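The structure appears right after this line, and notes come after that.
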Amino acid sequence: MSSFAGVSVVEDGGLCDSTVAFINTSSECGYHLLVVENYSRTNKSRPTSESVTSREFGVGGHCWLIKCFPNGKSTDCADFVSLDVVLDDDDDGKTPVKAKFTFSFIDQVEMQNPLYVGQAETCSFPSKGSSWGYDRFVRKDAVERSMNLEADCFTIRCDIMVCNTEDDDAAGHGNGVRLPDICHHFNNLLQTKVGADVTFEVSGETFPAHRCVLAARSKVFMAQLFGPMKDTSTIIHIKDMKAEVFRSLLSFIYTDSFPGMEMDDMEDDETEVDEMRLQWLQDLLVAADRYDLQRLKFICEMQLSENIQVSSVASTLVLAEQHHCSGLKEACFKFIQAQSPSCLQTLMASHGWQHILATYPLVLNELIAKLIALNQK
């Protein structure tokens with residue numbers, strides 16, 4: 001669990017007197033709240049590249065600050081709210097501080113789970129003043145239309161997880177950090193196929209695996225491989241799944257680390273890669289739900305929540321409804337609520353939206369109720 005590391009209330013660009021005291025948590029995972037009151041005045045008084053700053057707070061034995069740039073950190077992102085987390089330790093020659101961090105609005109509880117924070121990229125803070133953040137955290141017009149802005153005030157939560165050892169950072173698959181030994185050994189077992197006692201055939205490809213490993217990780221595999229109705233076939237055929245998705249599923253089962261998407265060397269079109277990644281994440285979430293791998297499902301849900309677009313929100317909303325992903329569904333609703341009229345027209349003319357109207361009318365009723373509640377505020 002994350003430990004509370006205090007709150008800073010900023011009004012008209014300055015800290016309120018009641019929030020200047022330093023709060024420190026010795027926990028390696030903690031969070032601080034930055035409350036921006038009188039947002040409209042703050043927005044007018046802070047030009048691009050100027051920030052409002054939290055008070056100092058402590059997480060994992062280190063001091064930190066949050067900087068919020070209401071009109072963007074630079075002219076390249078002047079239409080966005082930018083956020084930075086800053087190391088505020090005194091320079092003393094220590095090794096760089098390695099930490100993961102996330103920013104979220106206070107009601108985005110699905111993004112504040114330590115499992116989600118643990119999937120963030122590990123960043124190095126070599127000295128006092130070192131900072132990392134998001135230049136394009138959220139569009140300013142989206143904030144002004146969203147339910148996150150209430151009574152001209154919004155609250156940002158910053159979660160920080162300090163990584164003191166390689167093992168603490170094991171979840172950062174793909175970030176150049178080695179897996180802990182047990183995960184490394186199980187991954188070798190998967191790759192070498194030594195002792196494999198079951199084979200799956202998926203979309204024409206075969207995957208040798210180990211019954212005990214699969215059963216230990218998934219109740220569905222436990223029932224399928226060892227239950228009263230166990231499958232005793234030499235080769236188990238899996239339908240309605242792509243081979244690359246099953247390969248990613250096995251990788252997670254053996255290493256407990258989120259897998260990377262397989263990439264073809266010829267795939268260099270950014271739009272095409274984004275579309276492929278979206279489809280892969282959606283398929284992987286379906287597979288995780290099918291085999292009751294809740295942690296993998298949760299990570300897929302969070303990554304999809306972060307990458308919603310006008311072109312994908314309809315298919316993502318349907319997926320969330322089908323697989324009971326309440327956090328992802330809420331993220332889709334909030335995305336739709338923040339869109340301009342022209343974007344909404346594009347969305348409602350899409351095939352995906354017509355599918356929602358025909359198949360999931362209750363979802364539309366939920367969205368209309370939320371829009372009505374928003375307009376009444």
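To be explicit about the labels: the chains of the structure tokens are called A, B, and onward in the order shown, and within each one the residues are counted from 1, while ligands get numbers from 1 in the order they are shown.
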Can you list, as a PyMOL selection string, every protein, DNA or RNA residue that comes within 7 Å of stretch 46-60 of chain A when you count only C-alpha atoms, leaving out same-chain residues fewer than 4 positions away? chain A and resi 5-6+8+13+20+22-30+34+42+64-75+78+162
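The closest residue to A:Ser251, picked from A:Leu278, A:Leu304, A:Val286, A:Val213 and counting only C-alpha atoms, is A:Val213.
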Could you pull the residues within 8 Å of A:Phe137, counting only C-alpha atoms, minus those fewer than 4 positions along the same chain, as a VMD selection string? chain A and resid 80 to 83
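Of the residues under consideration (A:Val220, A:Ala288, A:Cys158, A:Ala120), A:Cys158 shows the shortest atom-to-atom contact distance to A:Val7 when counting only C-alpha atoms.
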Contacts of A:Lys193 within 7 Å, only C-alpha atoms, excl. fewer than 4 positions in-chain, as a PyMOL selection string: chain A and resi 189+208-209
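Between A:Met222 and the residues A:Tyr291, A:Asp88, A:Ser350, A:Trp280, the shortest atom-to-atom distance, using only C-alpha atoms, involves A:Tyr291.
Each of A:Met302, A:Arg157, A:Val85, A:Cys325 was checked against A:Cys123 using only C-alpha atoms; the smallest atom-to-atom distance is that of A:Val85.
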